[in-house]
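**Student:** One structure coming up, written as structure tokens, with questions to follow.
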Amino acid sequence: MAILTFSHLHKTYASTVASEDVSFEVRSGEVFGLLGPNGAGKSTIIRMLMDIIAPDAGEILLDGHRLGPGERDRIGYLPEERGLYRKEKAIDVLVYFGMLKGLHRRAARERALAWLKRIDLADLADRRVDQMSKGQQQKVQIVGTLLHDPAIIVVDEPFSGLDPINTALVRDLLKEKSAAGCVVVLSTHQMPLVEALCDRVAMIHQGRLVLYGPLDEIRRQDGEASVLVETEGALPELDVAARLERQGPLVRVFLKAGARPRDLMERMVRHGVQLHHFEVVRTPLEEIFVRTVRRLEAAPAGNGALAGART
């Protein structure tokens with residue numbers, strides 16, 4: 001299993017700390033989510049991985065060895081900003097990208113045509129990029145990222161401009177690549193897609209690592225236990241309920257620390273509450289994300305406690 005390790009990375013621009021002692025690892029066979037609000041430092045970490053900028057301290061390792069030019073040629077990188085030559089044909093752009101990664105022209109063309117067929121763009125191979133829709137351009141750029149069969153795949157907002165069908169297509173491609181042993185790093189603001197795709201995540205805020213670990217464990221340790229209920233009449237006051245939040249015809253009951261859904265059920269039965277619906281809620285990652293950011297921004301400077309790292 002290949003392991004990409006980010007070890008004690010530090011990067012400062014003038015008086016701005018963009019990365020402060022950030023350490024985490026990404027394993028082959030998983031899709032890893034790199035999360036954070038705008039300006040958090042995610043792009044700095046990606047640029048250090050791509051050798052666009054150098055860290056002031058720390059290092060990035062693949063299987064315990066520093067990344068060199070040869071290893072970086074094995075990276076497929078999809079930036080958030082499109083990097084296509086708009087006046088050129090799609091096939092010519094892809095052939096050029098493949099040759100930059102060491103493919104011979106013929107092999108690059110064969111692979112490009114096969115990929116375009118797979119993503120339902122074979123009939124647009126000779127169309128200029130600027131004559132394509134935003135979604136079609138995004139799919140061409142994704143092909144450019146995967147064309148040379150990279151061992152490490154880094155994608156920044158890969159679902160931008162895609163409709164639900166093509167979002168599912170790209171999601172399946174990333175799953176397929178991770179299952180084949182690729183190291184896959186996904187940076188996106190679309191939390192539902194992170195929940196659908198990612199095995200583990202790291203959240204960066206103001207250059208610091210604030211959440212890291214398996215999604216299920218982050219939900220357990222940083223989420224709020226809650227239950228959606230529908231009852232006959234109003235809910236009585238229950239000692240295990242921290243607060244209530246109405247969601248349409250349902251009420252979301254947030255449990256006090258240490259309370260379990262079955263404790264709520266026992267109290268409701270004891271009070272003779274007639275239940276029509278009882279559903280344990282998995283805390284959405286977006287809730288944890290927003291609450292973590294707000295908590296850290298409200299903390300006095302230097303006092304924002306980091307969540308424990310979980311591997």
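In the structure tokens, chains take the letters A, B, ... in the order shown, each chain's residues start at 1, and ligands count up from 1 in the order shown.
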Hey, what does DSSP flag as alpha helix (DSSP H) within segment 168-271 of chain A? Can you give it to me as a PyMOL selection string?
**Tutor:** chain A and resi 168-179+191-197+215-222+261-270
**Student:** Could you turn the residues from that selection into a file that holds N, CA and C atoms, as a CSV table (one decimal), in the first residue's frame?
**Tutor:**
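Done, and the output landed in result29.csv:
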chain,number,residue,atom,x,y,z
A,168,ALA,N,-21.9,11.7,-11.1
A,168,ALA,CA,-21.8,10.3,-10.7
A,168,ALA,C,-20.7,9.6,-11.5
A,169,LEU,N,-20.6,10.0,-12.8
A,169,LEU,CA,-19.5,9.4,-13.6
A,169,LEU,C,-18.1,9.7,-13.1
A,170,VAL,N,-17.9,10.9,-12.7
A,170,VAL,CA,-16.6,11.3,-12.2
A,170,VAL,C,-16.4,10.7,-10.8
A,171,ARG,N,-17.4,10.6,-10.0
A,171,ARG,CA,-17.3,10.0,-8.7
A,171,ARG,C,-16.9,8.5,-8.8
A,172,ASP,N,-17.5,7.8,-9.8
A,172,ASP,CA,-17.2,6.4,-10.0
A,172,ASP,C,-15.8,6.2,-10.5
A,173,LEU,N,-15.3,7.2,-11.3
A,173,LEU,CA,-13.9,7.1,-11.8
A,173,LEU,C,-12.9,7.2,-10.7
A,174,LEU,N,-13.2,8.2,-9.7
A,174,LEU,CA,-12.3,8.3,-8.6
A,174,LEU,C,-12.3,7.1,-7.7
A,175,LYS,N,-13.5,6.5,-7.5
A,175,LYS,CA,-13.6,5.3,-6.7
A,175,LYS,C,-12.8,4.1,-7.4
A,176,GLU,N,-13.0,4.1,-8.7
A,176,GLU,CA,-12.3,3.0,-9.5
A,176,GLU,C,-10.8,3.2,-9.4
A,177,LYS,N,-10.3,4.4,-9.4
A,177,LYS,CA,-8.8,4.6,-9.3
A,177,LYS,C,-8.3,4.3,-8.0
A,178,SER,N,-9.0,4.7,-6.9
A,178,SER,CA,-8.6,4.4,-5.6
A,178,SER,C,-8.6,2.8,-5.4
A,179,ALA,N,-9.6,2.2,-5.9
A,179,ALA,CA,-9.7,0.7,-5.7
A,179,ALA,C,-8.5,0.0,-6.5
A,191,MET,N,-19.9,19.0,0.6
A,191,MET,CA,-19.8,18.0,1.7
A,191,MET,C,-20.6,16.7,1.4
A,192,PRO,N,-21.8,16.7,0.7
A,192,PRO,CA,-22.4,15.5,0.5
A,192,PRO,C,-21.6,14.5,-0.4
A,193,LEU,N,-20.8,15.1,-1.3
A,193,LEU,CA,-19.9,14.3,-2.2
A,193,LEU,C,-18.8,13.7,-1.4
A,194,VAL,N,-18.3,14.5,-0.4
A,194,VAL,CA,-17.2,14.0,0.4
A,194,VAL,C,-17.7,12.8,1.2
A,195,GLU,N,-18.9,12.9,1.8
A,195,GLU,CA,-19.5,11.8,2.5
A,195,GLU,C,-19.7,10.6,1.7
A,196,ALA,N,-20.1,10.8,0.4
A,196,ALA,CA,-20.3,9.7,-0.5
A,196,ALA,C,-19.0,9.0,-1.0
A,197,LEU,N,-17.9,9.8,-1.0
A,197,LEU,CA,-16.7,9.3,-1.6
A,197,LEU,C,-15.6,9.0,-0.6
A,215,LEU,N,-14.1,9.2,8.6
A,215,LEU,CA,-15.3,10.0,8.7
A,215,LEU,C,-16.2,9.6,9.8
A,216,ASP,N,-16.4,8.3,10.0
A,216,ASP,CA,-17.3,7.8,11.0
A,216,ASP,C,-16.8,8.2,12.4
A,217,GLU,N,-15.5,8.1,12.6
A,217,GLU,CA,-15.0,8.5,13.9
A,217,GLU,C,-15.1,10.0,14.1
A,218,ILE,N,-14.9,10.8,13.1
A,218,ILE,CA,-15.1,12.2,13.2
A,218,ILE,C,-16.6,12.5,13.6
A,219,ARG,N,-17.5,11.8,13.0
A,219,ARG,CA,-18.9,12.0,13.3
A,219,ARG,C,-19.2,11.7,14.8
A,220,ARG,N,-18.6,10.6,15.2
A,220,ARG,CA,-18.8,10.1,16.6
A,220,ARG,C,-18.3,11.2,17.6
A,221,GLN,N,-17.1,11.7,17.3
A,221,GLN,CA,-16.4,12.5,18.3
A,221,GLN,C,-16.7,14.0,18.2
A,222,ASP,N,-17.1,14.4,17.0
A,222,ASP,CA,-17.3,15.9,16.8
A,222,ASP,C,-18.7,16.2,16.4
A,261,PRO,N,-29.8,7.2,21.7
A,261,PRO,CA,-31.2,7.2,21.1
A,261,PRO,C,-32.1,6.3,21.9
A,262,ARG,N,-31.6,5.2,22.4
A,262,ARG,CA,-32.5,4.3,23.1
A,262,ARG,C,-33.0,4.9,24.4
A,263,ASP,N,-32.1,5.8,25.0
A,263,ASP,CA,-32.6,6.5,26.2
A,263,ASP,C,-33.7,7.4,25.9
A,264,LEU,N,-33.7,8.0,24.8
A,264,LEU,CA,-34.8,8.9,24.4
A,264,LEU,C,-36.1,8.1,24.1
A,265,MET,N,-35.9,6.9,23.5
A,265,MET,CA,-37.1,6.1,23.2
A,265,MET,C,-37.7,5.6,24.6
A,266,GLU,N,-36.9,5.3,25.5
A,266,GLU,CA,-37.4,4.8,26.8
A,266,GLU,C,-38.2,5.9,27.5
A,267,ARG,N,-37.6,7.2,27.5
A,267,ARG,CA,-38.3,8.3,28.1
A,267,ARG,C,-39.7,8.6,27.4
A,268,MET,N,-39.7,8.5,26.1
A,268,MET,CA,-40.9,8.7,25.3
A,268,MET,C,-42.0,7.7,25.6
A,269,VAL,N,-41.6,6.4,25.7
A,269,VAL,CA,-42.5,5.4,26.1
A,269,VAL,C,-43.0,5.6,27.5
A,270,ARG,N,-42.1,6.0,28.4
A,270,ARG,CA,-42.5,6.2,29.8
A,270,ARG,C,-43.6,7.3,29.9
**Student:** Tell me, as a list in words, which residues lie within 9 Å of Arg74 of chain A, counting only C-alpha atoms; anything in the same chain fewer than 3 positions away does not count.
**Tutor:**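 So the residues in contact are Pro69, Gly70, Glu71, Lys101, His148, Asp149, Pro150, Ala151, Ile152 and Ile153 of chain A.
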**Student:** Using DSSP secondary structure from the backbone, list all strand (DSSP E or B) positions within segment 108-288 of chain A, as an mmCIF file with N, CA and C atoms, in the first residue's frame.
**Tutor:**
data_model
loop_
_atom_site.group_PDB
_atom_site.id
_atom_site.type_symbol
_atom_site.label_atom_id
_atom_site.label_comp_id
_atom_site.auth_asym_id
_atom_site.auth_seq_id
_atom_site.Cartn_x
_atom_site.Cartn_y
_atom_site.Cartn_z
ATOM 1 N N ARG A 128 -13.345 22.588 -30.926
ATOM 2 C CA ARG A 128 -12.525 23.502 -30.148
ATOM 3 C C ARG A 128 -13.074 23.618 -28.720
ATOM 4 N N ILE A 152 -0.669 8.969 -8.331
ATOM 5 C CA ILE A 152 -1.219 9.919 -7.357
ATOM 6 C C ILE A 152 -2.150 10.853 -8.112
ATOM 7 N N ILE A 153 -3.377 10.992 -7.627
ATOM 8 C CA ILE A 153 -4.371 11.835 -8.287
ATOM 9 C C ILE A 153 -4.825 12.901 -7.299
ATOM 10 N N VAL A 154 -4.684 14.164 -7.699
ATOM 11 C CA VAL A 154 -5.087 15.296 -6.860
ATOM 12 C C VAL A 154 -6.099 16.112 -7.650
ATOM 13 N N VAL A 155 -7.327 16.184 -7.143
ATOM 14 C CA VAL A 155 -8.385 16.877 -7.880
ATOM 15 C C VAL A 155 -9.004 17.951 -6.991
ATOM 16 N N ASP A 156 -9.053 19.168 -7.511
ATOM 17 C CA ASP A 156 -9.566 20.328 -6.784
ATOM 18 C C ASP A 156 -10.888 20.740 -7.416
ATOM 19 N N VAL A 183 -3.322 6.703 -5.077
ATOM 20 C CA VAL A 183 -3.500 7.640 -3.976
ATOM 21 C C VAL A 183 -4.364 8.776 -4.514
ATOM 22 N N VAL A 184 -5.542 8.996 -3.925
ATOM 23 C CA VAL A 184 -6.488 9.989 -4.446
ATOM 24 C C VAL A 184 -6.765 11.038 -3.375
ATOM 25 N N VAL A 185 -6.499 12.299 -3.708
ATOM 26 C CA VAL A 185 -6.768 13.424 -2.819
ATOM 27 C C VAL A 185 -7.841 14.287 -3.471
ATOM 28 N N LEU A 186 -8.939 14.487 -2.756
ATOM 29 C CA LEU A 186 -10.071 15.268 -3.257
ATOM 30 C C LEU A 186 -10.235 16.520 -2.412
ATOM 31 N N SER A 187 -10.182 17.680 -3.059
ATOM 32 C CA SER A 187 -10.452 18.945 -2.381
ATOM 33 C C SER A 187 -11.739 19.515 -2.950
ATOM 34 N N ARG A 200 -11.386 8.906 4.628
ATOM 35 C CA ARG A 200 -10.845 9.738 5.688
ATOM 36 C C ARG A 200 -10.718 11.166 5.177
ATOM 37 N N VAL A 201 -10.627 12.114 6.105
ATOM 38 C CA VAL A 201 -10.532 13.521 5.726
ATOM 39 C C VAL A 201 -9.552 14.255 6.630
ATOM 40 N N ALA A 202 -9.056 15.375 6.115
ATOM 41 C CA ALA A 202 -8.306 16.342 6.922
ATOM 42 C C ALA A 202 -8.927 17.697 6.660
ATOM 43 N N MET A 203 -9.166 18.449 7.731
ATOM 44 C CA MET A 203 -9.712 19.794 7.588
ATOM 45 C C MET A 203 -8.659 20.803 8.035
ATOM 46 N N ILE A 204 -8.394 21.769 7.171
ATOM 47 C CA ILE A 204 -7.418 22.812 7.438
ATOM 48 C C ILE A 204 -8.165 24.113 7.722
ATOM 49 N N HIS A 205 -7.732 24.833 8.743
ATOM 50 C CA HIS A 205 -8.317 26.141 9.044
ATOM 51 C C HIS A 205 -7.196 27.074 9.496
ATOM 52 N N ARG A 208 -3.846 25.488 9.868
ATOM 53 C CA ARG A 208 -3.631 24.445 10.872
ATOM 54 C C ARG A 208 -4.559 23.257 10.623
ATOM 55 N N LEU A 209 -4.108 22.085 11.010
ATOM 56 C CA LEU A 209 -4.919 20.882 10.923
ATOM 57 C C LEU A 209 -5.863 20.846 12.121
ATOM 58 N N VAL A 210 -7.179 20.875 11.854
ATOM 59 C CA VAL A 210 -8.143 20.949 12.958
ATOM 60 C C VAL A 210 -9.030 19.707 13.066
ATOM 61 N N LEU A 211 -9.167 18.942 12.006
ATOM 62 C CA LEU A 211 -9.873 17.665 12.040
ATOM 63 C C LEU A 211 -9.121 16.699 11.140
ATOM 64 N N TYR A 212 -8.990 15.452 11.591
ATOM 65 C CA TYR A 212 -8.268 14.468 10.782
ATOM 66 C C TYR A 212 -8.637 13.073 11.248
ATOM 67 N N GLY A 213 -9.060 12.242 10.318
ATOM 68 C CA GLY A 213 -9.341 10.861 10.658
ATOM 69 C C GLY A 213 -10.439 10.274 9.816
ATOM 70 N N PRO A 214 -10.862 9.048 10.133
ATOM 71 C CA PRO A 214 -11.972 8.412 9.414
ATOM 72 C C PRO A 214 -13.262 9.191 9.619
ATOM 73 N N SER A 226 -28.405 12.887 17.564
ATOM 74 C CA SER A 226 -29.754 13.432 17.430
ATOM 75 C C SER A 226 -30.680 12.403 16.798
ATOM 76 N N VAL A 227 -31.979 12.629 16.974
ATOM 77 C CA VAL A 227 -33.008 11.727 16.472
ATOM 78 C C VAL A 227 -34.133 12.557 15.874
ATOM 79 N N LEU A 228 -34.627 12.142 14.704
ATOM 80 C CA LEU A 228 -35.799 12.768 14.097
ATOM 81 C C LEU A 228 -37.047 12.011 14.557
ATOM 82 N N VAL A 229 -38.006 12.750 15.087
ATOM 83 C CA VAL A 229 -39.228 12.099 15.563
ATOM 84 C C VAL A 229 -40.456 12.840 15.036
ATOM 85 N N GLU A 230 -41.535 12.079 14.888
ATOM 86 C CA GLU A 230 -42.858 12.653 14.626
ATOM 87 C C GLU A 230 -43.797 12.035 15.662
ATOM 88 N N THR A 231 -44.513 12.886 16.383
ATOM 89 C CA THR A 231 -45.343 12.407 17.489
ATOM 90 C C THR A 231 -46.766 12.933 17.373
ATOM 91 N N ALA A 241 -32.875 15.298 26.461
ATOM 92 C CA ALA A 241 -32.895 16.193 25.305
ATOM 93 C C ALA A 241 -32.190 17.505 25.623
ATOM 94 N N ALA A 242 -31.203 17.867 24.780
ATOM 95 C CA ALA A 242 -30.501 19.137 24.959
ATOM 96 C C ALA A 242 -31.287 20.290 24.334
ATOM 97 N N ARG A 243 -31.837 20.045 23.159
ATOM 98 C CA ARG A 243 -32.646 21.064 22.484
ATOM 99 C C ARG A 243 -33.432 20.405 21.375
ATOM 100 N N LEU A 244 -34.451 21.116 20.899
ATOM 101 C CA LEU A 244 -35.297 20.625 19.817
ATOM 102 C C LEU A 244 -35.200 21.565 18.629
ATOM 103 N N GLU A 245 -35.332 20.995 17.439
ATOM 104 C CA GLU A 245 -35.288 21.798 16.211
ATOM 105 C C GLU A 245 -36.318 21.237 15.248
ATOM 106 N N ARG A 246 -37.307 22.063 14.899
ATOM 107 C CA ARG A 246 -38.351 21.582 13.988
ATOM 108 C C ARG A 246 -37.831 21.547 12.566
ATOM 109 N N GLN A 247 -38.104 20.440 11.880
ATOM 110 C CA GLN A 247 -37.721 20.255 10.479
ATOM 111 C C GLN A 247 -38.946 19.747 9.732
ATOM 112 N N LEU A 250 -41.383 17.013 11.167
ATOM 113 C CA LEU A 250 -40.585 16.273 12.144
ATOM 114 C C LEU A 250 -39.909 17.221 13.128
ATOM 115 N N VAL A 251 -39.497 16.665 14.229
ATOM 116 C CA VAL A 251 -38.717 17.396 15.223
ATOM 117 C C VAL A 251 -37.388 16.675 15.402
ATOM 118 N N ARG A 252 -36.294 17.422 15.297
ATOM 119 C CA ARG A 252 -34.975 16.838 15.538
ATOM 120 C C ARG A 252 -34.617 17.072 17.002
ATOM 121 N N VAL A 253 -34.420 15.997 17.717
ATOM 122 C CA VAL A 253 -34.100 16.054 19.136
ATOM 123 C C VAL A 253 -32.591 15.839 19.291
ATOM 124 N N PHE A 254 -31.886 16.859 19.756
ATOM 125 C CA PHE A 254 -30.454 16.752 20.012
ATOM 126 C C PHE A 254 -30.263 16.238 21.443
ATOM 127 N N LEU A 255 -29.472 15.192 21.575
ATOM 128 C CA LEU A 255 -29.313 14.527 22.857
ATOM 129 C C LEU A 255 -28.194 15.163 23.681
ATOM 130 N N LEU A 275 -45.687 7.630 18.942
ATOM 131 C CA LEU A 275 -44.678 7.889 17.909
ATOM 132 C C LEU A 275 -45.171 7.464 16.531
ATOM 133 N N HIS A 276 -44.955 8.340 15.536
ATOM 134 C CA HIS A 276 -45.201 7.975 14.141
ATOM 135 C C HIS A 276 -43.883 7.775 13.381
ATOM 136 N N HIS A 277 -42.817 8.373 13.912
ATOM 137 C CA HIS A 277 -41.522 8.286 13.215
ATOM 138 C C HIS A 277 -40.413 8.434 14.253
ATOM 139 N N PHE A 278 -39.377 7.586 14.141
ATOM 140 C CA PHE A 278 -38.215 7.649 15.036
ATOM 141 C C PHE A 278 -37.001 7.253 14.201
ATOM 142 N N GLU A 279 -36.099 8.185 13.951
ATOM 143 C CA GLU A 279 -34.964 7.941 13.050
ATOM 144 C C GLU A 279 -33.690 8.540 13.636
ATOM 145 N N VAL A 280 -32.704 7.697 13.859
ATOM 146 C CA VAL A 280 -31.406 8.172 14.347
ATOM 147 C C VAL A 280 -30.684 8.895 13.206
ATOM 148 N N VAL A 281 -30.179 10.083 13.478
ATOM 149 C CA VAL A 281 -29.552 10.918 12.459
ATOM 150 C C VAL A 281 -28.037 10.802 12.546
#
**Student:** Measuring atom to atom with only C-alpha atoms, identify which of A:Ile288, A:Val31, A:Val140, A:Ile46 is nearest to Asp92 of chain A.
**Tutor:** A:Val140
**Student:** Measuring atom to atom with only C-alpha atoms, identify which of A:Ala234, A:Val143, A:Met99, A:Cys198 is nearest to Lys117 of chain A.
**Tutor:**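 That would be A:Val143, the residue with the smallest distance to Lys117 of chain A.
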**Student:** Quick one, how far is atom CA of Pro164 of chain A from atom CA of Gln141 of chain A?
**Tutor:**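 Spanning atom CA of Pro164 of chain A to atom CA of Gln141 of chain A is a straight-line distance of 17.7 Å.
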**Student:** Could you state the separation of atom CA of Ser7 of chain A and atom CA of Glu25 of chain A in Å, given to one decimal place?
**Tutor:**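 Interatomic distance here is 8.2 Å.
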**Student:** List as a list in words the protein and nucleic acid residues near Arg105 of chain A, meaning an atom at most 12 Å away when only C-alpha atoms are counted, but skip any in the same chain fewer than 2 places from it.
**Tutor:**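 Within the cut-off, the hits are Ile91, Asp92, Val93, Leu94, Val95, Tyr96, Phe97, Gly98, Met99, Leu100, Lys101, Gly102, Leu103, Ala107, Ala108, Arg109, Glu110, Arg111, Ala112 and His148 of chain A.
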**Student:** Write the residues you've just listed into a file as a short mmCIF file (atom, residue, chain, number, x, y, z; two decimals), in the first residue's frame, and include N, CA and C atoms for each of them.
**Tutor:**
data_model
loop_
_atom_site.label_atom_id
_atom_site.label_comp_id
_atom_site.auth_asym_id
_atom_site.auth_seq_id
_atom_site.Cartn_x
_atom_site.Cartn_y
_atom_site.Cartn_z
N ILE A 91 -8.96 17.03 -28.74
CA ILE A 91 -8.03 15.93 -28.91
C ILE A 91 -6.59 16.43 -28.93
N ASP A 92 -6.36 17.59 -29.54
CA ASP A 92 -5.00 18.13 -29.59
C ASP A 92 -4.51 18.56 -28.22
N VAL A 93 -5.40 19.13 -27.43
CA VAL A 93 -5.03 19.51 -26.07
C VAL A 93 -4.65 18.27 -25.26
N LEU A 94 -5.43 17.22 -25.37
CA LEU A 94 -5.17 16.01 -24.60
C LEU A 94 -3.88 15.32 -25.04
N VAL A 95 -3.63 15.28 -26.33
CA VAL A 95 -2.38 14.70 -26.83
C VAL A 95 -1.19 15.47 -26.26
N TYR A 96 -1.29 16.77 -26.26
CA TYR A 96 -0.22 17.61 -25.72
C TYR A 96 0.00 17.33 -24.23
N PHE A 97 -1.09 17.26 -23.46
CA PHE A 97 -0.98 16.95 -22.03
C PHE A 97 -0.31 15.59 -21.82
N GLY A 98 -0.70 14.59 -22.64
CA GLY A 98 -0.10 13.27 -22.51
C GLY A 98 1.38 13.27 -22.80
N MET A 99 1.79 14.02 -23.82
CA MET A 99 3.21 14.09 -24.17
C MET A 99 4.02 14.80 -23.08
N LEU A 100 3.40 15.80 -22.42
CA LEU A 100 4.09 16.46 -21.31
C LEU A 100 4.39 15.47 -20.18
N LYS A 101 3.56 14.44 -20.06
CA LYS A 101 3.74 13.43 -19.02
C LYS A 101 4.52 12.21 -19.51
N GLY A 102 5.15 12.32 -20.68
CA GLY A 102 6.05 11.28 -21.14
C GLY A 102 5.48 10.29 -22.13
N LEU A 103 4.23 10.46 -22.53
CA LEU A 103 3.65 9.55 -23.52
C LEU A 103 4.10 9.93 -24.92
N ALA A 107 0.56 7.04 -28.66
CA ALA A 107 -0.06 6.47 -27.46
C ALA A 107 -0.98 7.48 -26.79
N ALA A 108 -0.55 8.75 -26.76
CA ALA A 108 -1.37 9.79 -26.15
C ALA A 108 -2.68 9.96 -26.90
N ARG A 109 -2.63 9.89 -28.22
CA ARG A 109 -3.84 10.04 -29.03
C ARG A 109 -4.79 8.85 -28.82
N GLU A 110 -4.21 7.65 -28.81
CA GLU A 110 -5.05 6.45 -28.61
C GLU A 110 -5.74 6.49 -27.25
N ARG A 111 -4.99 6.85 -26.23
CA ARG A 111 -5.57 6.93 -24.89
C ARG A 111 -6.64 8.02 -24.82
N ALA A 112 -6.34 9.16 -25.42
CA ALA A 112 -7.28 10.28 -25.38
C ALA A 112 -8.60 9.90 -26.04
N HIS A 148 -2.32 9.83 -18.34
CA HIS A 148 -1.03 9.14 -18.25
C HIS A 148 -1.02 8.08 -17.16
#
**Student:** Got a sec: who's within 12 Å of Tyr13 of chain A, counting only C-alpha atoms, leaving out chain neighbours fewer than 6 positions off, as a PyMOL selection string?
**Tutor:** chain A and resi 19-20+41+44+53-56+207
**Student:** Using only C-alpha atoms, which of the listed residues (A:Ala298, A:Leu35, A:Leu124, A:Ala257) sits closest to Thr188 of chain A?
**Tutor:**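 Going through A:Ala298, A:Leu35, A:Leu124, A:Ala257 one by one, the smallest distance to Thr188 of chain A is for A:Leu35.
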**Student:** Could you work out how far atom CA of Gly272 of chain A lies from atom CA of Glu237 of chain A, giving the answer in Å with one decimal?
**Tutor:**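 Going from atom CA of Glu237 of chain A over to atom CA of Gly272 of chain A covers 12.5 Å.
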